[in-house]
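What follows is the content of query12.cif (mmCIF, C-alpha atoms and all ligand atoms).
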```
data_run
loop_
_atom_site.group_PDB
_atom_site.id
_atom_site.type_symbol
_atom_site.label_atom_id
_atom_site.label_comp_id
_atom_site.auth_asym_id
_atom_site.auth_seq_id
_atom_site.Cartn_x
_atom_site.Cartn_y
_atom_site.Cartn_z
ATOM 1 C CA MET A 1 116.930 101.216 106.005
ATOM 2 C CA THR A 2 114.853 98.887 103.802
ATOM 3 C CA HIS A 3 115.550 98.905 100.080
ATOM 4 C CA ILE A 4 113.569 101.402 97.992
ATOM 5 C CA ASN A 5 112.623 100.037 94.585
ATOM 6 C CA LEU A 6 112.106 102.753 91.955
ATOM 7 C CA LEU A 7 110.926 102.045 88.428
ATOM 8 C CA ALA A 8 111.307 104.361 85.419
ATOM 9 C CA LEU A 9 109.095 104.175 82.332
ATOM 10 C CA CYS A 10 110.128 105.952 79.144
ATOM 11 C CA GLY A 11 107.492 106.950 76.607
ATOM 12 C CA SER A 12 109.861 107.216 73.634
ATOM 13 C CA LEU A 13 111.222 104.480 71.408
ATOM 14 C CA ARG A 14 113.646 106.787 69.611
ATOM 15 C CA GLU A 15 117.273 105.668 69.535
ATOM 16 C CA GLY A 16 118.559 109.091 70.619
ATOM 17 C CA SER A 17 115.636 109.805 72.937
ATOM 18 C CA LEU A 18 116.079 112.756 75.289
ATOM 19 C CA ASN A 19 113.570 111.212 77.693
ATOM 20 C CA SER A 20 115.401 107.902 77.727
ATOM 21 C CA ALA A 21 118.596 109.811 78.570
ATOM 22 C CA VAL A 22 116.770 111.562 81.412
ATOM 23 C CA ALA A 23 115.392 108.268 82.781
ATOM 24 C CA HIS A 24 118.854 106.675 82.731
ATOM 25 C CA ALA A 25 120.416 109.769 84.310
ATOM 26 C CA ALA A 26 117.847 109.634 87.126
ATOM 27 C CA ALA A 27 118.662 105.952 87.678
ATOM 28 C CA GLY A 28 122.346 106.857 87.887
ATOM 29 C CA LEU A 29 121.625 109.512 90.500
ATOM 30 C CA CYS A 30 119.963 107.053 92.906
ATOM 31 C CA ARG A 31 121.877 106.209 96.040
ATOM 32 C CA PRO A 32 121.321 103.315 98.472
ATOM 33 C CA PRO A 33 118.930 102.332 99.875
ATOM 34 C CA ALA A 34 117.190 103.440 96.645
ATOM 35 C CA ALA A 35 117.820 101.915 93.227
ATOM 36 C CA MET A 36 116.012 102.629 89.965
ATOM 37 C CA THR A 37 115.462 100.279 87.034
ATOM 38 C CA VAL A 38 114.522 101.649 83.617
ATOM 39 C CA HIS A 39 111.811 99.425 82.141
ATOM 40 C CA GLY A 40 112.298 99.108 78.417
ATOM 41 C CA GLY A 41 109.392 96.887 77.454
ATOM 42 C CA LEU A 42 106.426 99.200 76.867
ATOM 43 C CA ASP A 43 106.494 98.573 73.116
ATOM 44 C CA GLY A 44 105.913 94.856 73.772
ATOM 45 C CA LEU A 45 102.487 95.474 75.299
ATOM 46 C CA PRO A 46 99.525 94.719 73.029
ATOM 47 C CA PHE A 47 96.927 97.423 72.455
ATOM 48 C CA PHE A 48 94.658 97.634 75.477
ATOM 49 C CA ASN A 49 91.459 95.664 75.091
ATOM 50 C CA PRO A 50 88.953 95.377 77.958
ATOM 51 C CA ASP A 51 87.795 91.988 76.627
ATOM 52 C CA VAL A 52 91.324 90.623 77.043
ATOM 53 C CA GLU A 53 91.656 92.288 80.437
ATOM 54 C CA SER A 54 88.566 90.557 81.784
ATOM 55 C CA SER A 55 89.838 87.115 80.689
ATOM 56 C CA THR A 56 93.522 86.237 81.197
ATOM 57 C CA PRO A 57 95.835 89.093 80.253
ATOM 58 C CA PRO A 58 98.924 88.080 78.259
ATOM 59 C CA ALA A 59 102.150 87.306 80.165
ATOM 60 C CA VAL A 60 103.724 90.572 79.026
ATOM 61 C CA VAL A 61 100.873 92.524 80.636
ATOM 62 C CA GLN A 62 101.100 90.478 83.829
ATOM 63 C CA ASP A 63 104.854 91.110 83.935
ATOM 64 C CA PHE A 64 104.336 94.870 83.477
ATOM 65 C CA ARG A 65 101.750 94.945 86.241
ATOM 66 C CA ALA A 66 104.015 92.924 88.550
ATOM 67 C CA ARG A 67 106.904 95.350 87.983
ATOM 68 C CA LEU A 68 104.673 98.298 88.806
ATOM 69 C CA ALA A 69 103.246 96.542 91.859
ATOM 70 C CA ALA A 70 106.779 95.824 93.120
ATOM 71 C CA ALA A 71 107.893 99.425 92.646
ATOM 72 C CA ASP A 72 107.700 101.766 95.634
ATOM 73 C CA ALA A 73 107.548 104.792 93.315
ATOM 74 C CA VAL A 74 107.559 105.371 89.562
ATOM 75 C CA LEU A 75 109.283 107.914 87.325
ATOM 76 C CA ILE A 76 107.603 108.579 83.978
ATOM 77 C CA ALA A 77 109.747 110.250 81.310
ATOM 78 C CA SER A 78 107.581 111.281 78.397
ATOM 79 C CA PRO A 79 107.972 113.009 75.065
ATOM 80 C CA GLU A 80 105.314 115.437 73.883
ATOM 81 C CA TYR A 81 103.677 114.230 70.702
ATOM 82 C CA ALA A 82 100.866 116.307 69.187
ATOM 83 C CA ARG A 83 100.337 118.051 72.528
ATOM 84 C CA GLY A 84 99.898 114.833 74.498
ATOM 85 C CA THR A 85 101.985 111.909 75.611
ATOM 86 C CA SER A 86 103.024 109.083 73.273
ATOM 87 C CA GLY A 87 100.511 106.436 72.238
ATOM 88 C CA MET A 88 102.804 103.762 73.677
ATOM 89 C CA LEU A 89 102.780 105.303 77.144
ATOM 90 C CA LYS A 90 99.032 105.989 77.066
ATOM 91 C CA ASN A 91 98.462 102.362 76.087
ATOM 92 C CA ALA A 92 100.659 101.120 78.950
ATOM 93 C CA LEU A 93 98.724 103.244 81.441
ATOM 94 C CA GLU A 94 95.394 101.926 80.132
ATOM 95 C CA TRP A 95 96.491 98.400 81.108
ATOM 96 C CA VAL A 96 96.726 99.444 84.774
ATOM 97 C CA VAL A 97 93.657 101.682 85.120
ATOM 98 C CA GLY A 98 91.477 98.757 86.171
ATOM 99 C CA SER A 99 94.097 96.625 87.919
ATOM 100 C CA GLY A 100 95.176 99.563 90.091
ATOM 101 C CA GLU A 101 98.952 99.164 90.453
ATOM 102 C CA LEU A 102 99.411 102.952 90.491
ATOM 103 C CA VAL A 103 96.750 103.668 93.106
ATOM 104 C CA ALA A 104 98.332 105.792 95.899
ATOM 105 C CA LYS A 105 101.773 105.196 94.389
ATOM 106 C CA PRO A 106 104.152 108.162 94.227
ATOM 107 C CA VAL A 107 104.740 109.054 90.577
ATOM 108 C CA ALA A 108 107.069 111.756 89.245
ATOM 109 C CA VAL A 109 106.525 112.953 85.686
ATOM 110 C CA VAL A 110 109.373 114.418 83.654
ATOM 111 C CA THR A 111 108.914 115.711 80.126
ATOM 112 C CA ALA A 112 111.987 116.544 78.069
ATOM 113 C CA SER A 113 111.458 118.486 74.863
ATOM 114 C CA PRO A 114 113.666 120.472 72.497
ATOM 115 C CA SER A 115 111.054 123.255 72.746
ATOM 116 C CA ALA A 116 111.105 126.105 75.251
ATOM 117 C CA ALA A 117 107.860 124.808 76.802
ATOM 118 C CA GLY A 118 109.512 121.581 77.989
ATOM 119 C CA GLY A 119 106.573 119.355 77.113
ATOM 120 C CA GLU A 120 104.144 121.261 79.345
ATOM 121 C CA ARG A 121 101.074 119.924 77.546
ATOM 122 C CA ALA A 122 102.224 116.302 77.787
ATOM 123 C CA GLN A 123 103.021 116.977 81.437
ATOM 124 C CA ALA A 124 99.527 118.389 82.102
ATOM 125 C CA TRP A 125 97.912 115.596 80.136
ATOM 126 C CA LEU A 126 99.777 112.896 82.072
ATOM 127 C CA ARG A 127 99.041 114.526 85.417
ATOM 128 C CA GLU A 128 95.325 114.499 84.674
ATOM 129 C CA THR A 129 95.415 110.848 83.593
ATOM 130 C CA LEU A 130 97.492 109.774 86.594
ATOM 131 C CA GLU A 131 95.272 111.689 89.005
ATOM 132 C CA VAL A 132 92.153 109.988 87.675
ATOM 133 C CA MET A 133 94.022 106.715 88.273
ATOM 134 C CA SER A 134 94.515 107.828 91.924
ATOM 135 C CA ALA A 135 98.303 107.897 91.668
ATOM 136 C CA GLN A 136 100.119 110.320 93.980
ATOM 137 C CA VAL A 137 101.589 112.703 91.405
ATOM 138 C CA LEU A 138 104.569 114.431 92.998
ATOM 139 C CA PRO A 139 104.742 118.241 92.830
ATOM 140 C CA GLU A 140 108.472 117.918 92.096
ATOM 141 C CA SER A 141 107.570 116.611 88.623
ATOM 142 C CA LEU A 142 109.716 118.418 86.080
ATOM 143 C CA ARG A 143 109.470 120.021 82.650
ATOM 144 C CA ILE A 144 112.787 120.038 80.809
ATOM 145 C CA PRO A 145 112.843 122.791 78.162
ATOM 146 C CA CYS A 146 115.528 123.075 75.473
ATOM 147 C CA ALA A 147 116.517 119.522 76.325
ATOM 148 C CA SER A 148 118.555 118.893 73.174
ATOM 149 C CA ALA A 149 121.021 121.580 74.323
ATOM 150 C CA ARG A 150 121.318 119.980 77.781
ATOM 151 C CA ILE A 151 121.720 116.344 76.773
ATOM 152 C CA THR A 152 124.635 115.234 74.619
ATOM 153 C CA GLU A 153 124.956 111.781 73.059
ATOM 154 C CA GLY A 154 122.527 110.255 75.520
ATOM 155 C CA GLN A 155 124.125 111.870 78.574
ATOM 156 C CA VAL A 156 122.686 114.670 80.681
ATOM 157 C CA THR A 157 125.529 117.173 80.572
ATOM 158 C CA ASP A 158 123.851 120.251 82.076
ATOM 159 C CA PRO A 159 124.727 120.497 85.795
ATOM 160 C CA VAL A 160 121.530 122.459 86.492
ATOM 161 C CA LEU A 161 119.441 119.667 85.002
ATOM 162 C CA LEU A 162 121.413 117.054 86.955
ATOM 163 C CA GLY A 163 120.621 119.015 90.116
ATOM 164 C CA GLU A 164 116.921 119.166 89.193
ATOM 165 C CA LEU A 165 116.840 115.428 88.527
ATOM 166 C CA THR A 166 118.529 114.763 91.850
ATOM 167 C CA GLY A 167 115.687 116.767 93.415
ATOM 168 C CA VAL A 168 113.114 114.584 91.641
ATOM 169 C CA VAL A 169 114.774 111.357 92.832
ATOM 170 C CA GLU A 170 115.027 112.699 96.382
ATOM 171 C CA ALA A 171 111.335 113.637 96.315
ATOM 172 C CA MET A 172 110.455 110.101 95.213
ATOM 173 C CA VAL A 173 112.482 108.632 98.087
ATOM 174 C CA ARG A 174 110.905 111.041 100.579
ATOM 175 C CA ALA A 175 107.412 110.094 99.366
ATOM 176 C CA VAL A 176 108.180 106.382 99.858
ATOM 177 C CA GLU A 177 109.594 107.009 103.331
ATOM 178 C CA THR A 178 106.484 108.998 104.253
ATOM 179 C CA LEU A 179 104.229 106.173 103.103
ATOM 180 C CA ARG A 180 106.271 103.661 105.118
ATOM 181 C CA ARG A 181 106.220 105.741 108.288
ATOM 182 C CA PRO A 182 103.811 104.230 110.800
ATOM 183 C CA VAL A 183 100.769 106.369 111.524
ATOM 184 C CA ALA A 184 101.043 107.647 115.099
HETATM 185 C C1 LIG A 201 104.955 113.277 65.569
HETATM 186 C C2 LIG A 201 105.621 114.271 66.484
HETATM 187 C C3 LIG A 201 104.855 115.178 67.171
HETATM 188 C C4 LIG A 201 105.465 116.098 68.037
HETATM 189 N N1 LIG A 201 104.680 116.966 68.727
HETATM 190 C C5 LIG A 201 105.266 117.839 69.595
HETATM 191 C C6 LIG A 201 104.464 118.710 70.388
HETATM 192 O O1 LIG A 201 103.254 118.738 70.303
HETATM 193 N N2 LIG A 201 105.105 119.526 71.261
HETATM 194 C C7 LIG A 201 106.473 119.536 71.421
HETATM 195 O O2 LIG A 201 107.007 120.276 72.226
HETATM 196 N N3 LIG A 201 107.245 118.701 70.670
HETATM 197 C C8 LIG A 201 106.675 117.863 69.780
HETATM 198 N N4 LIG A 201 107.452 117.012 69.041
HETATM 199 C C9 LIG A 201 108.894 117.041 69.230
HETATM 200 C C10 LIG A 201 109.324 116.057 70.315
HETATM 201 O O3 LIG A 201 109.058 116.639 71.581
HETATM 202 C C11 LIG A 201 110.816 115.752 70.179
HETATM 203 O O4 LIG A 201 110.998 115.007 68.982
HETATM 204 C C12 LIG A 201 111.382 115.022 71.379
HETATM 205 O O5 LIG A 201 112.769 114.951 71.217
HETATM 206 C C13 LIG A 201 110.767 113.629 71.518
HETATM 207 O O6 LIG A 201 111.216 113.016 72.713
HETATM 208 P P1 LIG A 201 112.424 111.994 72.718
HETATM 209 O O7 LIG A 201 113.667 112.792 72.432
HETATM 210 O O8 LIG A 201 112.440 111.427 74.106
HETATM 211 O O9 LIG A 201 112.195 110.952 71.650
HETATM 212 C C14 LIG A 201 106.874 116.087 68.190
HETATM 213 C C15 LIG A 201 107.622 115.156 67.471
HETATM 214 C C16 LIG A 201 107.027 114.261 66.636
HETATM 215 C C17 LIG A 201 107.873 113.262 65.881
#
```
Will you turn the file into structure tokens for me?
Ligand SMILES: Cc1cc2nc3c(=O)[nH]c(=O)nc-3n(C[C@H](O)[C@H](O)[C@H](O)COP(=O)(O)O)c2cc1C
Amino acid sequence: MTHINLLALCGSLREGSLNSAVAHAAAGLCRPPAAMTVHGGLDGLPFFNPDVESSTPPAVVQDFRARLAAADAVLIASPEYARGTSGMLKNALEWVVGSGELVAKPVAVVTASPSAAGGERAQAWLRETLEVMSAQVLPESLRIPCASARITEGQVTDPVLLGELTGVVEAMVRAVETLRRPVA
């Protein structure tokens, strides 16, 4: 089967980020023909500016768009900050609203939070934003409550969570395979 290229974006810059741990765990759970790369460069993007977008966007923006365009599906791992996603992740998404790299692309959203709600408001917020961008937000998207008790020193240690993440990765692969299937 043809290679399946999955890309993970993490919305946290924190050294001990729970969401970064989740993104890396998901990458480790991928099996051929799928492979997942965790993109670490969101903090290098300038603040979105429509004036810049309509001229020549900086190389770092072009690189980000090219990575998204080359991805068959995207995993977004986001913290919840002040009941929304992080400014860094929102900014990154703004750069691709107009250029359209996420249109019809399968996207799974995971939100890991130390709270019992598992980042539900960031999850809802991201879903709404991604849907207005015409991404295909997967129903297998996952809230991860009490994440600090389930992730130790950057490793997902909870077998239940590992099983849930495996389900997310499998859903991403299934969505790509469905898109590739010829229409009868
Ligand atoms: C400025 C700030 C605002 C936060 N707001 C929320 C919030 O609204 N809801 C929530 O569940 N957690 C909130 N938190 C806690 C984060 O979810 C927690 O720090 C989480 O570990 C961040 O994700 P990370 O581990 O991937 O960096 C906030 C943390 C900070 C620093």
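Put simply, CA of Ala8 in chain A is 6.8 Å away from CA of Met36 in chain A.
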Coordinates-based distance that separates CA of Ala73 in chain A from CA of Leu6 in chain A (Å, one decimal):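 Those two atoms sit 5.2 Å apart.
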Separation of CA of Leu142 in chain A from CA of Pro114 in chain A in Å: 14.3 Å
Please return as a compact mmCIF listing (two decimals) with C-alpha atoms, in the coordinates of the input the residues found within 8 Å of ligand LIG 201 (chain A), counting only C-alpha atoms and all ligand atoms.
```
# COMPACT_ATOMS: atom_id res chain seq x y z
CA CYS A 10 110.13 105.95 79.14
CA GLY A 11 107.49 106.95 76.61
CA SER A 12 109.86 107.22 73.63
CA LEU A 13 111.22 104.48 71.41
CA ARG A 14 113.65 106.79 69.61
CA GLU A 15 117.27 105.67 69.54
CA GLY A 16 118.56 109.09 70.62
CA SER A 17 115.64 109.80 72.94
CA LEU A 18 116.08 112.76 75.29
CA ASN A 19 113.57 111.21 77.69
CA SER A 20 115.40 107.90 77.73
CA ALA A 21 118.60 109.81 78.57
CA ALA A 77 109.75 110.25 81.31
CA SER A 78 107.58 111.28 78.40
CA PRO A 79 107.97 113.01 75.06
CA GLU A 80 105.31 115.44 73.88
CA TYR A 81 103.68 114.23 70.70
CA ALA A 82 100.87 116.31 69.19
CA ARG A 83 100.34 118.05 72.53
CA GLY A 84 99.90 114.83 74.50
CA ALA A 112 111.99 116.54 78.07
CA SER A 113 111.46 118.49 74.86
CA PRO A 114 113.67 120.47 72.50
CA SER A 115 111.05 123.26 72.75
CA ALA A 116 111.10 126.10 75.25
CA ALA A 117 107.86 124.81 76.80
CA GLY A 118 109.51 121.58 77.99
CA GLY A 119 106.57 119.36 77.11
CA GLU A 120 104.14 121.26 79.34
CA ARG A 121 101.07 119.92 77.55
CA ALA A 122 102.22 116.30 77.79
CA ALA A 147 116.52 119.52 76.32
CA SER A 148 118.56 118.89 73.17
```
Among A:Ala59, A:Ala23, A:Met88, A:Leu7, Leu102 in chain A is approached most closely, using all atoms listed in the file, by A:Leu7
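Summary of the local environment: counting all atoms listed in the file, residues at most 7 Å from range 1-5 of chain A, other than itself and those fewer than 5 positions away along its chain, are Pro33, Ala34, Ala35, Met36, Ala71 and Asp72 of chain A.
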Calculated over all atoms listed in the file, which of the candidates A:Thr152, A:Ser134, A:Gln123, A:Thr129 has the smallest distance to Ser99 in chain A?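 Between A:Thr152, A:Ser134, A:Gln123, A:Thr129, the residue approaching Ser99 in chain A most closely is A:Ser134.
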Env of Leu165 in chain A: 8 Å cut, atoms = only C-alpha atoms, seq-sep filter 2 positions within chain, self excluded. Answer as a PyMOL selection string. chain A and resi 25-26+29+161-163+167-169
Nearest to Leu138 in chain A by atom-to-atom distance, counting all atoms listed in the file, from A:Val97, A:Ala184, A:Ala92, A:Leu75: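 With all atoms listed in the file as the atom set, the closest residue is A:Leu75.
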Residues selected by the PyMOL selection byres (((chain A and resi 40-56) around 6) and not hetatm), written as a PyMOL selection string: chain A and resi 39+57+95
My list of candidates is A:Ala171, A:Ile144, A:Val107, A:Cys30. Which is closest to Asp158 in chain A when distances are computed with all atoms listed in the file?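 Ranking A:Ala171, A:Ile144, A:Val107, A:Cys30 by distance to Asp158 in chain A, first place goes to A:Ile144.
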Expanded to explicit residues, what is the PyMOL selection byres (((chain A and resi 104) around 6) and not hetatm) for this file, as a PyMOL selection string? chain A and resi 103+105+134-136
Between A:Glu170, A:Asp63, A:Glu128, A:Glu101, which is the closest to Ala27 in chain A once you count only C-alpha atoms?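 For Ala27 in chain A, the nearest of the candidates is A:Glu170.
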When distances are computed from only C-alpha atoms, which of A:Ile151, A:Leu9, A:Val110, A:Met172 shows the smallest separation from Lys90 in chain A? A:Leu9
Skip Gly100 in chain A itself and residues of its chain fewer than 4 positions away, then list as a short mmCIF file (atom, residue, chain, number, x, y, z; two decimals) with C-alpha atoms, keeping the file's coordinate frame all residues within 9 Å of it, counting all atoms listed in the file.
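This is the output file selection35.cif:
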```
data_model
loop_
_atom_site.label_atom_id
_atom_site.label_comp_id
_atom_site.auth_asym_id
_atom_site.auth_seq_id
_atom_site.Cartn_x
_atom_site.Cartn_y
_atom_site.Cartn_z
CA ARG A 65 101.75 94.94 86.24
CA ALA A 69 103.25 96.54 91.86
CA VAL A 96 96.73 99.44 84.77
CA MET A 133 94.02 106.72 88.27
CA SER A 134 94.52 107.83 91.92
#
```
Just range 171-182 of chain A, please, as a PDB file, in the first residue's frame (only all heavy atoms).
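The result, stored in out-v1.pdb:
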```
ATOM      1  N   ALA A 171      -7.976   5.785  13.091  1.00  0.00           N
ATOM      2  CA  ALA A 171      -9.048   6.556  12.435  1.00  0.00           C
ATOM      3  C   ALA A 171      -8.459   7.472  11.367  1.00  0.00           C
ATOM      4  O   ALA A 171      -9.060   7.657  10.301  1.00  0.00           O
ATOM      5  CB  ALA A 171      -9.821   7.364  13.477  1.00  0.00           C
ATOM      6  N   MET A 172      -7.303   8.061  11.648  1.00  0.00           N
ATOM      7  CA  MET A 172      -6.657   8.921  10.651  1.00  0.00           C
ATOM      8  C   MET A 172      -6.299   8.102   9.405  1.00  0.00           C
ATOM      9  O   MET A 172      -6.540   8.529   8.273  1.00  0.00           O
ATOM     10  CB  MET A 172      -5.386   9.559  11.246  1.00  0.00           C
ATOM     11  CG  MET A 172      -5.673  10.556  12.363  1.00  0.00           C
ATOM     12  SD  MET A 172      -4.171  11.143  13.181  1.00  0.00           S
ATOM     13  CE  MET A 172      -3.544  12.293  11.948  1.00  0.00           C
ATOM     14  N   VAL A 173      -5.734   6.931   9.621  1.00  0.00           N
ATOM     15  CA  VAL A 173      -5.348   6.069   8.488  1.00  0.00           C
ATOM     16  C   VAL A 173      -6.585   5.661   7.691  1.00  0.00           C
ATOM     17  O   VAL A 173      -6.590   5.716   6.455  1.00  0.00           O
ATOM     18  CB  VAL A 173      -4.561   4.842   9.001  1.00  0.00           C
ATOM     19  CG1 VAL A 173      -4.368   3.808   7.891  1.00  0.00           C
ATOM     20  CG2 VAL A 173      -3.218   5.278   9.569  1.00  0.00           C
ATOM     21  N   ARG A 174      -7.640   5.281   8.405  1.00  0.00           N
ATOM     22  CA  ARG A 174      -8.883   4.883   7.715  1.00  0.00           C
ATOM     23  C   ARG A 174      -9.430   6.031   6.867  1.00  0.00           C
ATOM     24  O   ARG A 174      -9.872   5.838   5.741  1.00  0.00           O
ATOM     25  CB  ARG A 174      -9.946   4.469   8.729  1.00  0.00           C
ATOM     26  CG  ARG A 174      -9.929   3.001   9.109  1.00  0.00           C
ATOM     27  CD  ARG A 174     -11.250   2.583   9.751  1.00  0.00           C
ATOM     28  NE  ARG A 174     -11.687   3.448  10.829  1.00  0.00           N
ATOM     29  CZ  ARG A 174     -11.278   3.345  12.097  1.00  0.00           C
ATOM     30  NH1 ARG A 174     -10.415   2.410  12.425  1.00  0.00           N
ATOM     31  NH2 ARG A 174     -11.724   4.171  13.021  1.00  0.00           N
ATOM     32  N   ALA A 175      -9.375   7.247   7.427  1.00  0.00           N
ATOM     33  CA  ALA A 175      -9.900   8.414   6.684  1.00  0.00           C
ATOM     34  C   ALA A 175      -9.092   8.640   5.411  1.00  0.00           C
ATOM     35  O   ALA A 175      -9.654   8.963   4.357  1.00  0.00           O
ATOM     36  CB  ALA A 175      -9.859   9.652   7.580  1.00  0.00           C
ATOM     37  N   VAL A 176      -7.780   8.465   5.488  1.00  0.00           N
ATOM     38  CA  VAL A 176      -6.927   8.639   4.293  1.00  0.00           C
ATOM     39  C   VAL A 176      -7.260   7.559   3.268  1.00  0.00           C
ATOM     40  O   VAL A 176      -7.413   7.842   2.064  1.00  0.00           O
ATOM     41  CB  VAL A 176      -5.428   8.579   4.674  1.00  0.00           C
ATOM     42  CG1 VAL A 176      -4.558   8.605   3.422  1.00  0.00           C
ATOM     43  CG2 VAL A 176      -5.069   9.725   5.617  1.00  0.00           C
ATOM     44  N   GLU A 177      -7.392   6.329   3.744  1.00  0.00           N
ATOM     45  CA  GLU A 177      -7.703   5.224   2.812  1.00  0.00           C
ATOM     46  C   GLU A 177      -9.054   5.457   2.128  1.00  0.00           C
ATOM     47  O   GLU A 177      -9.208   5.198   0.942  1.00  0.00           O
ATOM     48  CB  GLU A 177      -7.707   3.889   3.568  1.00  0.00           C
ATOM     49  CG  GLU A 177      -6.295   3.459   3.955  1.00  0.00           C
ATOM     50  CD  GLU A 177      -6.275   2.256   4.896  1.00  0.00           C
ATOM     51  OE1 GLU A 177      -7.326   1.931   5.496  1.00  0.00           O
ATOM     52  OE2 GLU A 177      -5.204   1.654   5.034  1.00  0.00           O
ATOM     53  N   THR A 178     -10.009   5.975   2.884  1.00  0.00           N
ATOM     54  CA  THR A 178     -11.329   6.255   2.297  1.00  0.00           C
ATOM     55  C   THR A 178     -11.220   7.325   1.209  1.00  0.00           C
ATOM     56  O   THR A 178     -11.817   7.204   0.137  1.00  0.00           O
ATOM     57  CB  THR A 178     -12.321   6.715   3.390  1.00  0.00           C
ATOM     58  OG1 THR A 178     -12.396   5.693   4.369  1.00  0.00           O
ATOM     59  CG2 THR A 178     -13.692   7.005   2.842  1.00  0.00           C
ATOM     60  N   LEU A 179     -10.425   8.355   1.489  1.00  0.00           N
ATOM     61  CA  LEU A 179     -10.266   9.418   0.494  1.00  0.00           C
ATOM     62  C   LEU A 179      -9.565   8.906  -0.765  1.00  0.00           C
ATOM     63  O   LEU A 179      -9.826   9.378  -1.865  1.00  0.00           O
ATOM     64  CB  LEU A 179      -9.447  10.573   1.081  1.00  0.00           C
ATOM     65  CG  LEU A 179     -10.178  11.516   2.030  1.00  0.00           C
ATOM     66  CD1 LEU A 179      -9.226  12.557   2.591  1.00  0.00           C
ATOM     67  CD2 LEU A 179     -11.358  12.191   1.325  1.00  0.00           C
ATOM     68  N   ARG A 180      -8.667   7.923  -0.576  1.00  0.00           N
ATOM     69  CA  ARG A 180      -7.904   7.411  -1.729  1.00  0.00           C
ATOM     70  C   ARG A 180      -8.705   6.408  -2.557  1.00  0.00           C
ATOM     71  O   ARG A 180      -8.363   6.150  -3.697  1.00  0.00           O
ATOM     72  CB  ARG A 180      -6.622   6.716  -1.233  1.00  0.00           C
ATOM     73  CG  ARG A 180      -5.571   7.695  -0.785  1.00  0.00           C
ATOM     74  CD  ARG A 180      -4.321   6.944  -0.387  1.00  0.00           C
ATOM     75  NE  ARG A 180      -3.281   7.847   0.064  1.00  0.00           N
ATOM     76  CZ  ARG A 180      -2.124   7.430   0.550  1.00  0.00           C
ATOM     77  NH1 ARG A 180      -1.856   6.141   0.629  1.00  0.00           N
ATOM     78  NH2 ARG A 180      -1.217   8.303   0.940  1.00  0.00           N
ATOM     79  N   ARG A 181      -9.744   5.838  -1.928  1.00  0.00           N
ATOM     80  CA  ARG A 181     -10.510   4.805  -2.620  1.00  0.00           C
ATOM     81  C   ARG A 181     -11.203   5.415  -3.835  1.00  0.00           C
ATOM     82  O   ARG A 181     -11.856   6.463  -3.714  1.00  0.00           O
ATOM     83  CB  ARG A 181     -11.557   4.243  -1.650  1.00  0.00           C
ATOM     84  CG  ARG A 181     -11.974   2.811  -1.939  1.00  0.00           C
ATOM     85  CD  ARG A 181     -12.770   2.248  -0.771  1.00  0.00           C
ATOM     86  NE  ARG A 181     -11.959   1.991   0.414  1.00  0.00           N
ATOM     87  CZ  ARG A 181     -12.381   2.131   1.669  1.00  0.00           C
ATOM     88  NH1 ARG A 181     -13.601   2.558   1.932  1.00  0.00           N
ATOM     89  NH2 ARG A 181     -11.577   1.858   2.683  1.00  0.00           N
ATOM     90  N   PRO A 182     -11.060   4.780  -4.998  1.00  0.00           N
ATOM     91  CA  PRO A 182     -11.729   5.342  -6.173  1.00  0.00           C
ATOM     92  C   PRO A 182     -13.242   5.315  -6.011  1.00  0.00           C
ATOM     93  O   PRO A 182     -13.783   4.357  -5.439  1.00  0.00           O
ATOM     94  CB  PRO A 182     -11.284   4.416  -7.320  1.00  0.00           C
ATOM     95  CG  PRO A 182     -10.421   3.379  -6.737  1.00  0.00           C
ATOM     96  CD  PRO A 182     -10.342   3.550  -5.260  1.00  0.00           C
TER      97      PRO A 182
END
```
